[in-house]
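Q: My file is upload_12.pdb. It has PDB, C-alpha atoms:
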ATOM      1  CA  MET A   1     -33.497  35.841  -7.909
ATOM      2  CA  SER A   2     -29.919  35.078  -7.025
ATOM      3  CA  LEU A   3     -28.925  32.870  -4.133
ATOM      4  CA  GLU A   4     -25.590  34.646  -3.784
ATOM      5  CA  PRO A   5     -26.673  36.971  -0.895
ATOM      6  CA  LEU A   6     -27.848  33.889   1.033
ATOM      7  CA  PHE A   7     -24.524  32.117   0.449
ATOM      8  CA  GLN A   8     -22.683  35.285   1.508
ATOM      9  CA  LYS A   9     -24.754  35.348   4.713
ATOM     10  CA  LEU A  10     -23.870  31.707   5.402
ATOM     11  CA  TYR A  11     -20.202  32.502   4.762
ATOM     12  CA  ASP A  12     -20.377  35.409   7.230
ATOM     13  CA  SER A  13     -21.990  33.330   9.988
ATOM     14  CA  PRO A  14     -19.925  32.709  13.146
ATOM     15  CA  LEU A  15     -20.067  28.929  12.567
ATOM     16  CA  ALA A  16     -18.649  29.265   9.046
ATOM     17  CA  ALA A  17     -15.951  31.612  10.302
ATOM     18  CA  ALA A  18     -14.989  29.135  13.034
ATOM     19  CA  ILE A  19     -14.630  26.292  10.490
ATOM     20  CA  ARG A  20     -12.507  28.534   8.228
ATOM     21  CA  GLU A  21     -10.287  29.886  10.969
ATOM     22  CA  ASN A  22      -9.610  26.853  13.145
ATOM     23  CA  THR A  23      -7.008  24.770  11.334
ATOM     24  CA  SER A  24      -8.279  21.404  12.570
ATOM     25  CA  TYR A  25     -12.088  21.795  12.286
ATOM     26  CA  PHE A  26     -12.103  21.421   8.484
ATOM     27  CA  PRO A  27     -10.048  18.181   8.344
ATOM     28  CA  TRP A  28     -12.107  16.647  11.170
ATOM     29  CA  ILE A  29     -15.405  17.439   9.464
ATOM     30  CA  GLU A  30     -13.951  16.287   6.155
ATOM     31  CA  SER A  31     -12.893  12.951   7.712
ATOM     32  CA  LEU A  32     -16.424  12.421   9.040
ATOM     33  CA  HIS A  33     -17.764  13.347   5.580
ATOM     34  CA  VAL A  34     -15.513  10.722   3.945
ATOM     35  CA  LEU A  35     -16.579   8.127   6.542
ATOM     36  CA  ALA A  36     -20.250   8.897   5.851
ATOM     37  CA  ILE A  37     -19.687   8.655   2.084
ATOM     38  CA  THR A  38     -17.967   5.277   2.359
ATOM     39  CA  LEU A  39     -20.900   3.993   4.439
ATOM     40  CA  VAL A  40     -23.451   5.376   1.953
ATOM     41  CA  PHE A  41     -21.668   3.998  -1.093
ATOM     42  CA  GLY A  42     -20.589   0.764   0.603
ATOM     43  CA  THR A  43     -24.102  -0.194   1.687
ATOM     44  CA  ILE A  44     -25.853   1.075  -1.442
ATOM     45  CA  CYS A  45     -23.350  -0.845  -3.567
ATOM     46  CA  ILE A  46     -24.386  -4.123  -1.900
ATOM     47  CA  VAL A  47     -28.055  -3.414  -2.692
ATOM     48  CA  ASP A  48     -27.312  -2.237  -6.267
ATOM     49  CA  LEU A  49     -25.237  -5.334  -6.995
ATOM     50  CA  ARG A  50     -28.128  -7.477  -5.731
ATOM     51  CA  LEU A  51     -30.488  -5.578  -8.048
ATOM     52  CA  LEU A  52     -28.062  -6.340 -10.892
ATOM     53  CA  GLY A  53     -28.255 -10.039  -9.980
ATOM     54  CA  PHE A  54     -25.247 -10.678  -7.716
ATOM     55  CA  GLN A  55     -26.170 -13.051  -4.890
ATOM     56  CA  SER A  56     -25.995 -11.446  -1.448
ATOM     57  CA  HIS A  57     -25.892 -12.684   2.152
ATOM     58  CA  ARG A  58     -29.697 -12.686   2.029
ATOM     59  CA  ARG A  59     -31.619 -14.828  -0.400
ATOM     60  CA  GLY A  60     -34.388 -12.288  -0.962
ATOM     61  CA  ALA A  61     -33.800  -8.796  -2.307
ATOM     62  CA  ARG A  62     -36.495  -7.275  -0.080
ATOM     63  CA  GLN A  63     -34.908  -8.500   3.150
ATOM     64  CA  LEU A  64     -31.511  -7.175   2.059
ATOM     65  CA  ILE A  65     -32.973  -3.762   1.216
ATOM     66  CA  VAL A  66     -34.905  -3.552   4.496
ATOM     67  CA  GLU A  67     -31.791  -4.600   6.432
ATOM     68  CA  LEU A  68     -29.292  -2.207   4.833
ATOM     69  CA  LEU A  69     -31.296   0.898   3.946
ATOM     70  CA  PRO A  70     -31.398   2.250   7.545
ATOM     71  CA  PHE A  71     -27.570   2.294   7.539
ATOM     72  CA  THR A  72     -27.578   4.113   4.198
ATOM     73  CA  TRP A  73     -30.044   6.726   5.450
ATOM     74  CA  VAL A  74     -28.227   7.439   8.718
ATOM     75  CA  ALA A  75     -24.917   7.715   6.855
ATOM     76  CA  PHE A  76     -26.532   9.932   4.195
ATOM     77  CA  ALA A  77     -27.880  12.244   6.922
ATOM     78  CA  GLY A  78     -24.341  12.387   8.348
ATOM     79  CA  ALA A  79     -22.951  13.226   4.902
ATOM     80  CA  ILE A  80     -25.510  16.050   4.488
ATOM     81  CA  VAL A  81     -24.687  17.574   7.894
ATOM     82  CA  THR A  82     -20.897  17.359   7.473
ATOM     83  CA  GLY A  83     -21.138  18.402   3.809
ATOM     84  CA  GLY A  84     -23.314  21.353   4.806
ATOM     85  CA  LEU A  85     -20.697  22.494   7.338
ATOM     86  CA  LEU A  86     -17.916  22.224   4.739
ATOM     87  CA  PHE A  87     -20.115  24.128   2.269
ATOM     88  CA  ILE A  88     -20.917  27.109   4.517
ATOM     89  CA  SER A  89     -17.234  27.578   5.381
ATOM     90  CA  ASN A  90     -16.806  28.777   1.773
ATOM     91  CA  ALA A  91     -20.397  28.978   0.549
ATOM     92  CA  VAL A  92     -19.927  31.419  -2.329
ATOM     93  CA  ALA A  93     -16.875  29.645  -3.745
ATOM     94  CA  TYR A  94     -18.501  26.203  -3.550
ATOM     95  CA  SER A  95     -21.758  27.395  -5.104
ATOM     96  CA  ASN A  96     -19.817  28.825  -8.058
ATOM     97  CA  ASN A  97     -17.717  25.674  -8.517
ATOM     98  CA  ALA A  98     -18.859  23.652 -11.556
ATOM     99  CA  GLN A  99     -17.794  20.320 -10.027
ATOM    100  CA  PHE A 100     -19.809  21.099  -6.889
ATOM    101  CA  GLN A 101     -22.867  21.937  -9.016
ATOM    102  CA  TRP A 102     -22.527  18.674 -10.977
ATOM    103  CA  LYS A 103     -22.158  16.751  -7.720
ATOM    104  CA  MET A 104     -25.452  18.216  -6.425
ATOM    105  CA  ILE A 105     -27.202  17.373  -9.702
ATOM    106  CA  ALA A 106     -25.864  13.790  -9.537
ATOM    107  CA  ILE A 107     -27.175  13.426  -5.947
ATOM    108  CA  LEU A 108     -30.604  14.691  -7.070
ATOM    109  CA  ALA A 109     -30.579  12.260  -9.995
ATOM    110  CA  ALA A 110     -29.621   9.386  -7.665
ATOM    111  CA  GLY A 111     -32.517  10.348  -5.363
ATOM    112  CA  LEU A 112     -34.894  10.488  -8.317
ATOM    113  CA  ASN A 113     -33.711   7.080  -9.538
ATOM    114  CA  MET A 114     -34.351   5.643  -6.072
ATOM    115  CA  ALA A 115     -37.817   7.218  -5.911
ATOM    116  CA  VAL A 116     -38.716   5.711  -9.303
ATOM    117  CA  PHE A 117     -37.486   2.301  -8.112
ATOM    118  CA  HIS A 118     -39.562   2.450  -4.931
ATOM    119  CA  LEU A 119     -42.680   3.528  -6.818
ATOM    120  CA  THR A 120     -42.362   0.899  -9.546
ATOM    121  CA  ALA A 121     -40.285  -2.304  -9.305
ATOM    122  CA  TYR A 122     -40.162  -2.288  -5.478
ATOM    123  CA  ARG A 123     -43.974  -2.339  -5.300
ATOM    124  CA  ARG A 124     -43.958  -5.671  -7.123
ATOM    125  CA  ILE A 125     -40.972  -7.068  -5.225
ATOM    126  CA  VAL A 126     -42.922 -10.083  -3.869
ATOM    127  CA  ALA A 127     -43.037 -11.337  -7.451
ATOM    128  CA  TRP A 128     -39.246 -11.180  -8.003
ATOM    129  CA  ASP A 129     -37.825 -11.264  -4.459
ATOM    130  CA  ASP A 130     -35.876 -14.495  -5.002
ATOM    131  CA  ALA A 131     -35.483 -14.233  -8.784
ATOM    132  CA  LEU A 132     -31.967 -14.183 -10.202
ATOM    133  CA  PRO A 133     -31.473 -12.241 -12.362
ATOM    134  CA  PRO A 134     -34.099  -9.718 -11.200
ATOM    135  CA  PRO A 135     -36.423  -8.082 -13.779
ATOM    136  CA  LEU A 136     -35.023  -5.487 -16.167
ATOM    137  CA  ALA A 137     -36.558  -2.526 -14.276
ATOM    138  CA  ALA A 138     -34.715  -3.523 -11.090
ATOM    139  CA  ARG A 139     -31.449  -4.142 -12.941
ATOM    140  CA  LEU A 140     -31.687  -0.718 -14.588
ATOM    141  CA  SER A 141     -32.294   0.937 -11.186
ATOM    142  CA  GLY A 142     -29.234  -0.819  -9.773
ATOM    143  CA  ALA A 143     -27.040   0.157 -12.727
ATOM    144  CA  PHE A 144     -28.146   3.827 -12.696
ATOM    145  CA  SER A 145     -27.693   4.008  -8.942
ATOM    146  CA  LEU A 146     -24.132   2.654  -9.120
ATOM    147  CA  LEU A 147     -23.193   4.988 -11.982
ATOM    148  CA  LEU A 148     -24.730   8.040 -10.310
ATOM    149  CA  TRP A 149     -23.068   7.448  -6.920
ATOM    150  CA  ILE A 150     -19.705   6.883  -8.608
ATOM    151  CA  THR A 151     -20.270  10.223 -10.386
ATOM    152  CA  VAL A 152     -21.059  11.874  -7.039
ATOM    153  CA  ILE A 153     -17.799  10.604  -5.510
ATOM    154  CA  VAL A 154     -15.671  11.566  -8.530
ATOM    155  CA  PHE A 155     -17.075  15.121  -8.655
ATOM    156  CA  GLY A 156     -16.699  15.390  -4.885
ATOM    157  CA  ARG A 157     -13.009  14.564  -5.173
ATOM    158  CA  LEU A 158     -12.611  16.970  -8.111
ATOM    159  CA  ILE A 159     -13.942  19.866  -6.005
ATOM    160  CA  GLY A 160     -10.742  19.642  -3.961
ATOM    161  CA  PHE A 161      -8.681  20.222  -7.111
ATOM    162  CA  THR A 162     -10.749  23.003  -8.656
ATOM    163  CA  LEU A 163     -12.141  25.151  -5.822
ATOM    164  CA  SER A 164     -10.773  28.668  -5.885
ATOM    165  CA  VAL A 165     -10.987  30.072  -2.382
ATOM    166  CA  PHE A 166      -9.924  33.600  -3.286
TER     167      PHE A 166
ATOM    168  CA  MET B 167      20.405   6.123   1.936
ATOM    169  CA  SER B 168      17.960   7.868   4.259
ATOM    170  CA  ILE B 169      14.233   7.646   3.688
ATOM    171  CA  GLU B 170      14.234  11.348   2.856
ATOM    172  CA  SER B 171      16.833  11.048   0.103
ATOM    173  CA  PHE B 172      14.984   7.996  -1.228
ATOM    174  CA  GLY B 173      11.843  10.176  -1.389
ATOM    175  CA  ASN B 174      13.759  12.906  -3.224
ATOM    176  CA  TRP B 175      15.172  10.372  -5.674
ATOM    177  CA  LEU B 176      11.718   8.873  -6.261
ATOM    178  CA  TYR B 177      10.233  12.339  -6.832
ATOM    179  CA  GLU B 178      12.761  13.001  -9.623
ATOM    180  CA  THR B 179      12.180   9.697 -11.457
ATOM    181  CA  PRO B 180      10.490   9.987 -14.880
ATOM    182  CA  LEU B 181       7.574   7.839 -13.625
ATOM    183  CA  SER B 182       6.853  10.176 -10.714
ATOM    184  CA  THR B 183       7.153  13.256 -12.933
ATOM    185  CA  THR B 184       4.844  11.752 -15.559
ATOM    186  CA  ILE B 185       2.112  10.978 -13.015
ATOM    187  CA  ARG B 186       2.252  14.577 -11.781
ATOM    188  CA  ASP B 187       2.385  16.101 -15.276
ATOM    189  CA  ILE B 188      -0.726  14.318 -16.527
ATOM    190  CA  THR B 189      -3.054  16.272 -14.267
ATOM    191  CA  TRP B 190      -6.066  13.962 -14.400
ATOM    192  CA  ILE B 191      -4.201  10.918 -13.060
ATOM    193  CA  ILE B 192      -4.108  11.920  -9.375
ATOM    194  CA  PRO B 193      -7.801  12.941  -9.082
ATOM    195  CA  ALA B 194      -8.812   9.767 -10.968
ATOM    196  CA  VAL B 195      -6.619   7.529  -8.805
ATOM    197  CA  GLN B 196      -7.869   9.225  -5.617
ATOM    198  CA  SER B 197     -11.491   8.702  -6.711
ATOM    199  CA  ILE B 198     -10.851   5.000  -7.336
ATOM    200  CA  HIS B 199      -9.074   4.788  -3.956
ATOM    201  CA  LEU B 200     -12.150   6.326  -2.305
ATOM    202  CA  LEU B 201     -14.562   3.960  -4.094
ATOM    203  CA  ALA B 202     -12.443   0.961  -3.076
ATOM    204  CA  ILE B 203     -12.346   2.012   0.592
ATOM    205  CA  ALA B 204     -16.152   2.287   0.430
ATOM    206  CA  ILE B 205     -16.304  -1.347  -0.762
ATOM    207  CA  VAL B 206     -14.091  -2.367   2.169
ATOM    208  CA  VAL B 207     -16.219  -0.376   4.631
ATOM    209  CA  GLY B 208     -19.510  -1.781   3.295
ATOM    210  CA  SER B 209     -18.189  -5.364   3.365
ATOM    211  CA  ALA B 210     -16.563  -4.919   6.789
ATOM    212  CA  LEU B 211     -19.730  -3.331   8.200
ATOM    213  CA  VAL B 212     -22.009  -6.212   7.242
ATOM    214  CA  SER B 213     -19.599  -9.046   8.074
ATOM    215  CA  ASP B 214     -18.303  -7.496  11.321
ATOM    216  CA  LEU B 215     -21.819  -6.737  12.545
ATOM    217  CA  ARG B 216     -22.737 -10.350  11.745
ATOM    218  CA  LEU B 217     -19.701 -11.664  13.630
ATOM    219  CA  ALA B 218     -20.560  -9.300  16.511
ATOM    220  CA  GLY B 219     -24.021 -10.876  16.612
ATOM    221  CA  VAL B 220     -25.901  -7.685  15.697
ATOM    222  CA  LEU B 221     -26.988  -8.077  12.064
ATOM    223  CA  ALA B 222     -28.523 -10.961  10.082
ATOM    224  CA  THR B 223     -28.102 -13.344  13.037
ATOM    225  CA  ASP B 224     -30.416 -15.854  11.341
ATOM    226  CA  GLU B 225     -27.804 -16.357   8.596
ATOM    227  CA  SER B 226     -24.645 -18.330   9.397
ATOM    228  CA  PRO B 227     -21.440 -16.273   9.831
ATOM    229  CA  ALA B 228     -19.838 -18.450   7.152
ATOM    230  CA  ARG B 229     -22.473 -17.511   4.568
ATOM    231  CA  VAL B 230     -22.045 -13.788   5.258
ATOM    232  CA  VAL B 231     -18.246 -13.958   5.245
ATOM    233  CA  ARG B 232     -18.222 -16.035   2.035
ATOM    234  CA  ARG B 233     -20.237 -13.342   0.291
ATOM    235  CA  TYR B 234     -18.091 -10.360   1.330
ATOM    236  CA  LEU B 235     -14.538 -11.611   1.822
ATOM    237  CA  PRO B 236     -13.669 -11.868  -1.921
ATOM    238  CA  TRP B 237     -14.882  -8.277  -2.422
ATOM    239  CA  MET B 238     -12.705  -7.141   0.478
ATOM    240  CA  TRP B 239      -9.609  -8.804  -0.974
ATOM    241  CA  ALA B 240     -10.274  -7.312  -4.415
ATOM    242  CA  ALA B 241     -10.858  -3.842  -2.970
ATOM    243  CA  LEU B 242      -7.712  -4.098  -0.819
ATOM    244  CA  ILE B 243      -5.639  -4.901  -3.917
ATOM    245  CA  VAL B 244      -7.115  -1.852  -5.699
ATOM    246  CA  LEU B 245      -6.344   0.263  -2.615
ATOM    247  CA  LEU B 246      -2.752  -0.968  -2.541
ATOM    248  CA  LEU B 247      -2.201  -0.263  -6.267
ATOM    249  CA  THR B 248      -3.827   3.188  -6.273
ATOM    250  CA  GLY B 249      -2.022   3.986  -3.004
ATOM    251  CA  ILE B 250       1.306   3.137  -4.635
ATOM    252  CA  VAL B 251       0.555   5.505  -7.552
ATOM    253  CA  MET B 252      -0.099   8.351  -5.087
ATOM    254  CA  LEU B 253       3.034   7.531  -3.106
ATOM    255  CA  VAL B 254       5.236   7.472  -6.218
ATOM    256  CA  ALA B 255       3.769  10.786  -7.424
ATOM    257  CA  GLU B 256       4.243  12.590  -4.116
ATOM    258  CA  PRO B 257       6.702  10.748  -1.851
ATOM    259  CA  GLY B 258       7.253  13.889   0.237
ATOM    260  CA  ARG B 259       3.639  13.834   1.330
ATOM    261  CA  THR B 260       3.822  10.316   2.763
ATOM    262  CA  LEU B 261       7.251   8.831   3.464
ATOM    263  CA  GLY B 262       8.175  11.220   6.263
ATOM    264  CA  ASN B 263       4.615  11.491   7.568
ATOM    265  CA  THR B 264       3.740   9.852  10.908
ATOM    266  CA  VAL B 265       0.027   9.785  10.022
ATOM    267  CA  PHE B 266       0.820   7.814   6.845
ATOM    268  CA  TRP B 267       2.845   5.195   8.763
ATOM    269  CA  THR B 268       0.130   5.016  11.449
ATOM    270  CA  LYS B 269      -2.370   4.354   8.675
ATOM    271  CA  MET B 270      -0.147   1.599   7.226
ATOM    272  CA  GLY B 271       0.164  -0.029  10.671
ATOM    273  CA  LEU B 272      -3.617   0.097  11.158
ATOM    274  CA  VAL B 273      -4.265  -1.365   7.673
ATOM    275  CA  LEU B 274      -1.872  -4.224   8.422
ATOM    276  CA  PHE B 275      -3.626  -4.848  11.756
ATOM    277  CA  ALA B 276      -7.106  -4.819  10.172
ATOM    278  CA  PHE B 277      -5.814  -7.124   7.414
ATOM    279  CA  ALA B 278      -4.437  -9.567  10.036
ATOM    280  CA  LEU B 279      -7.750  -9.513  11.940
ATOM    281  CA  THR B 280      -9.661 -10.201   8.724
ATOM    282  CA  LEU B 281      -7.334 -13.017   7.723
ATOM    283  CA  PHE B 282      -7.376 -14.677  11.147
ATOM    284  CA  PHE B 283     -11.072 -14.385  11.996
ATOM    285  CA  ARG B 284     -12.696 -14.771   8.576
ATOM    286  CA  LYS B 285     -10.613 -16.895   6.271
ATOM    287  CA  PRO B 286     -11.149 -20.112   8.337
ATOM    288  CA  LEU B 287     -14.929 -19.650   7.844
ATOM    289  CA  LEU B 288     -14.526 -20.191   4.082
ATOM    290  CA  ASP B 289     -13.777 -23.871   4.753
ATOM    291  CA  PRO B 290     -17.129 -25.752   4.759
ATOM    292  CA  ALA B 291     -15.681 -28.325   7.209
ATOM    293  CA  PHE B 292     -14.804 -25.615   9.725
ATOM    294  CA  GLY B 293     -17.113 -25.275  12.750
ATOM    295  CA  LEU B 294     -16.829 -21.931  14.528
ATOM    296  CA  GLU B 295     -18.486 -23.369  17.652
ATOM    297  CA  HIS B 296     -15.538 -25.741  18.155
ATOM    298  CA  ALA B 297     -12.795 -23.152  17.605
ATOM    299  CA  GLY B 298     -10.735 -22.264  20.671
ATOM    300  CA  TRP B 299     -10.884 -18.568  19.770
ATOM    301  CA  ARG B 300     -14.673 -18.309  19.400
ATOM    302  CA  GLN B 301     -14.855 -16.069  22.510
ATOM    303  CA  ALA B 302     -12.618 -13.561  20.731
ATOM    304  CA  VAL B 303     -14.807 -13.268  17.614
ATOM    305  CA  LYS B 304     -17.186 -10.588  18.957
ATOM    306  CA  PRO B 305     -14.569  -8.204  20.391
ATOM    307  CA  ALA B 306     -12.400  -8.719  17.296
ATOM    308  CA  ALA B 307     -15.331  -7.728  15.057
ATOM    309  CA  TRP B 308     -15.844  -4.433  16.938
ATOM    310  CA  ILE B 309     -12.107  -3.735  16.943
ATOM    311  CA  SER B 310     -11.979  -4.388  13.201
ATOM    312  CA  LEU B 311     -14.741  -1.819  12.557
ATOM    313  CA  ILE B 312     -13.035   0.786  14.754
ATOM    314  CA  VAL B 313      -9.698   0.198  13.029
ATOM    315  CA  TRP B 314     -11.214   0.720   9.541
ATOM    316  CA  VAL B 315     -12.753   4.002  10.732
ATOM    317  CA  ALA B 316      -9.358   5.069  12.075
ATOM    318  CA  VAL B 317      -7.794   4.158   8.710
ATOM    319  CA  ILE B 318     -10.217   6.525   6.940
ATOM    320  CA  PHE B 319      -9.457   9.356   9.351
ATOM    321  CA  CYS B 320      -5.700   8.870   8.948
ATOM    322  CA  GLY B 321      -6.137   8.800   5.171
ATOM    323  CA  ARG B 322      -7.805  12.216   5.145
ATOM    324  CA  TRP B 323      -5.300  13.663   7.643
ATOM    325  CA  ILE B 324      -2.269  12.718   5.514
ATOM    326  CA  ALA B 325      -3.189  15.707   3.349
ATOM    327  CA  TYR B 326      -2.970  18.068   6.336
ATOM    328  CA  THR B 327       0.178  16.940   8.145
TER     329      THR B 327
END
Using structure tokens, write down the structure that the file contains.
A:
Amino acid sequence: MSLEPLFQKLYDSPLAAAIRENTSYFPWIESLHVLAITLVFGTICIVDLRLLGFQSHRRGARQLIVELLPFTWVAFAGAIVTGGLLFISNAVAYSNNAQFQWKMIAILAAGLNMAVFHLTAYRRIVAWDDALPPPLAARLSGAFSLLLWITVIVFGRLIGFTLSVF
Amino acid sequence: MSIESFGNWLYETPLSTTIRDITWIIPAVQSIHLLAIAIVVGSALVSDLRLAGVLATDESPARVVRRYLPWMWAALIVLLLTGIVMLVAEPGRTLGNTVFWTKMGLVLFAFALTLFFRKPLLDPAFGLEHAGWRQAVKPAAWISLIVWVAVIFCGRWIAYT
């Protein structure tokens, strides 16, 4: 089964046409997308660095995670909505773009890494909450998370250089 | 020499040509620029919300600022350097662009706010409760956040104006 007809349908939707045809919609949505990305990466970076063993403004890792994760999630939701709007404006071209595909895979991998962290090391966080450096499992989660989100941002930027609209 | 002819001269320099000819430089530099602005935004978010009295109010402002200010300075230096590479490569895109100069003005303003309202907190002997400008800390924190958001918007719009 090919997803191409679905992407073509999205491309043909009135909303997608409006984003394509109005010269200022795309830059506005793109600006919001960049803002959301900086909030996602900025807050996740603080948590990842703590997992790697860099002291934060909170002594305990758990408190820091509980305090910052809501910001990350709201910003991530914003990035999905704005990214989705940018995507439908040229759905077929984006879906065929290798950099876009790698970006999606990197986001999935980052999500998977976070899920593994929450199901393993985070469950035992009471035992290492104040420990510096944190246990290896937590440090690995932090390192993978940083690397994967950097990959997401680099591929995202590369889309702008490689997308063929015609 | 007008700013336009300076831009044209810069565009023709071997350095500018080299940056453009090696096609991976600009995407790489832009990615680093984006990562560095994310560091600034993350650090500004936590410390400004603390100074505004919204987040982590049970920690002292000094402790929060001490943790994030060095990262902000480092990220700002990276932003300046990567920004210069982009400017040298494509002076025509920036030097005559009102959005670019607006962005520079806003960055300078946010930098001044950061310097004035946060740097004193690094001194252990400094007591915020005795400072004459303590009433201004909360509004300044909100203004700082708004200015950084405006900087990001201007940054994206440079490509379209």
Q: Distance atom CA of Leu51 of chain A-atom CA of Thr151 of chain A, one decimal place?
A: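 Here the two named atoms are 19.0 Å from each other.
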Q: Hey, can you check how far atom CA of Leu246 of chain B sits from atom CA of Trp28 of chain A?
A: 24.2 Å
Q: What's the separation between atom CA of Phe266 of chain B and atom CA of Leu242 of chain B, in Å to one decimal place?
A: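 So the answer is 16.5 Å.
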Q: Could you list, as a PyMOL selection string, every residue within 9 Å of segment 167-170 of chain B, counting only C-alpha atoms and ignoring same-chain residues fewer than 6 positions away?
A: chain B and resi 257-258+261-262
Q: The PyMOL selection byres ((chain A and resi 78) around 12) on the file shown: which residues, as a list of chain:residue names?
A: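 Matching residues under the PyMOL selection byres ((chain A and resi 78) around 12) are A:Ile29, A:Glu30, A:Ser31, A:Leu32, A:His33, A:Val34, A:Leu35, A:Ala36, A:Ile37, A:Thr38, A:Leu39, A:Val40, A:Phe71, A:Thr72, A:Trp73, A:Val74, A:Ala75, A:Phe76, A:Ala77, A:Ala79, A:Ile80, A:Val81, A:Thr82, A:Gly83, A:Gly84, A:Leu85.
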Q: Determine the residue membership of the PyMOL selection byres ((chain B) within 9 of (chain A)) for the file above and supply it as a PyMOL selection string.
A: chain B and resi 193-194+196-198+200-209+211-212+221-222+225+229-234+315+318-323+325-326
Q: From the set A:Ala98, A:Leu132, A:Ala91, A:Leu112, which residue has the shortest atom-to-atom contact distance to Leu3 of chain A, counting all atoms listed in the file?
A: A:Ala91
Q: As JSON, please: the centre and edge lengths in Å, to one decimal, of an axis-aligned box enclosing every listed atom of segment 236-250 of chain B with 3 Å added on each side.
A:
{"center_x": -6.8, "center_y": -3.9, "center_z": -2.9, "size_x": 22.2, "size_y": 21.9, "size_z": 12.8}
Q: Which one is closest to Val251 of chain B: B:Ile312, B:Ile192, B:Val317, B:Leu287? Count all atoms listed in the file.
A: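 That would be B:Ile192, the residue with the smallest distance to Val251 of chain B.
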Q: Give me segment 260-277 of chain B with N, CA and C atoms filled in, as an mmCIF file, keeping the file's coordinate frame.
A:
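Saved the output as part12.cif:
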data_model
loop_
_atom_site.group_PDB
_atom_site.id
_atom_site.type_symbol
_atom_site.label_atom_id
_atom_site.label_comp_id
_atom_site.auth_asym_id
_atom_site.auth_seq_id
_atom_site.Cartn_x
_atom_site.Cartn_y
_atom_site.Cartn_z
ATOM 1 N N THR B 260 4.108 11.521 1.998
ATOM 2 C CA THR B 260 3.822 10.316 2.763
ATOM 3 C C THR B 260 5.014 9.759 3.548
ATOM 4 N N LEU B 261 6.158 9.605 2.871
ATOM 5 C CA LEU B 261 7.251 8.831 3.464
ATOM 6 C C LEU B 261 7.727 9.355 4.813
ATOM 7 N N GLY B 262 7.721 10.669 4.999
ATOM 8 C CA GLY B 262 8.175 11.220 6.263
ATOM 9 C C GLY B 262 7.023 11.581 7.191
ATOM 10 N N ASN B 263 5.828 11.067 6.864
ATOM 11 C CA ASN B 263 4.615 11.491 7.568
ATOM 12 C C ASN B 263 4.161 10.423 8.567
ATOM 13 N N THR B 264 4.123 10.807 9.850
ATOM 14 C CA THR B 264 3.740 9.852 10.908
ATOM 15 C C THR B 264 2.325 9.324 10.690
ATOM 16 N N VAL B 265 1.414 10.213 10.231
ATOM 17 C CA VAL B 265 0.027 9.785 10.022
ATOM 18 C C VAL B 265 -0.030 8.685 8.961
ATOM 19 N N PHE B 266 0.789 8.836 7.900
ATOM 20 C CA PHE B 266 0.820 7.814 6.845
ATOM 21 C C PHE B 266 1.258 6.472 7.413
ATOM 22 N N TRP B 267 2.342 6.470 8.215
ATOM 23 C CA TRP B 267 2.845 5.195 8.763
ATOM 24 C C TRP B 267 1.875 4.618 9.785
ATOM 25 N N THR B 268 1.179 5.495 10.538
ATOM 26 C CA THR B 268 0.130 5.016 11.449
ATOM 27 C C THR B 268 -0.948 4.312 10.651
ATOM 28 N N LYS B 269 -1.342 4.952 9.519
ATOM 29 C CA LYS B 269 -2.370 4.354 8.675
ATOM 30 C C LYS B 269 -1.920 2.975 8.174
ATOM 31 N N MET B 270 -0.649 2.883 7.732
ATOM 32 C CA MET B 270 -0.147 1.599 7.226
ATOM 33 C C MET B 270 -0.185 0.524 8.315
ATOM 34 N N GLY B 271 0.198 0.908 9.544
ATOM 35 C CA GLY B 271 0.164 -0.029 10.671
ATOM 36 C C GLY B 271 -1.258 -0.512 10.929
ATOM 37 N N LEU B 272 -2.215 0.445 10.906
ATOM 38 C CA LEU B 272 -3.617 0.097 11.158
ATOM 39 C C LEU B 272 -4.170 -0.812 10.060
ATOM 40 N N VAL B 273 -3.797 -0.529 8.792
ATOM 41 C CA VAL B 273 -4.265 -1.365 7.673
ATOM 42 C C VAL B 273 -3.751 -2.797 7.851
ATOM 43 N N LEU B 274 -2.471 -2.902 8.218
ATOM 44 C CA LEU B 274 -1.872 -4.224 8.422
ATOM 45 C C LEU B 274 -2.595 -4.970 9.537
ATOM 46 N N PHE B 275 -2.935 -4.258 10.617
ATOM 47 C CA PHE B 275 -3.626 -4.848 11.756
ATOM 48 C C PHE B 275 -5.023 -5.315 11.342
ATOM 49 N N ALA B 276 -5.757 -4.463 10.620
ATOM 50 C CA ALA B 276 -7.106 -4.819 10.172
ATOM 51 C C ALA B 276 -7.042 -6.008 9.212
ATOM 52 N N PHE B 277 -6.020 -6.022 8.357
ATOM 53 C CA PHE B 277 -5.814 -7.124 7.414
ATOM 54 C C PHE B 277 -5.589 -8.430 8.181
#
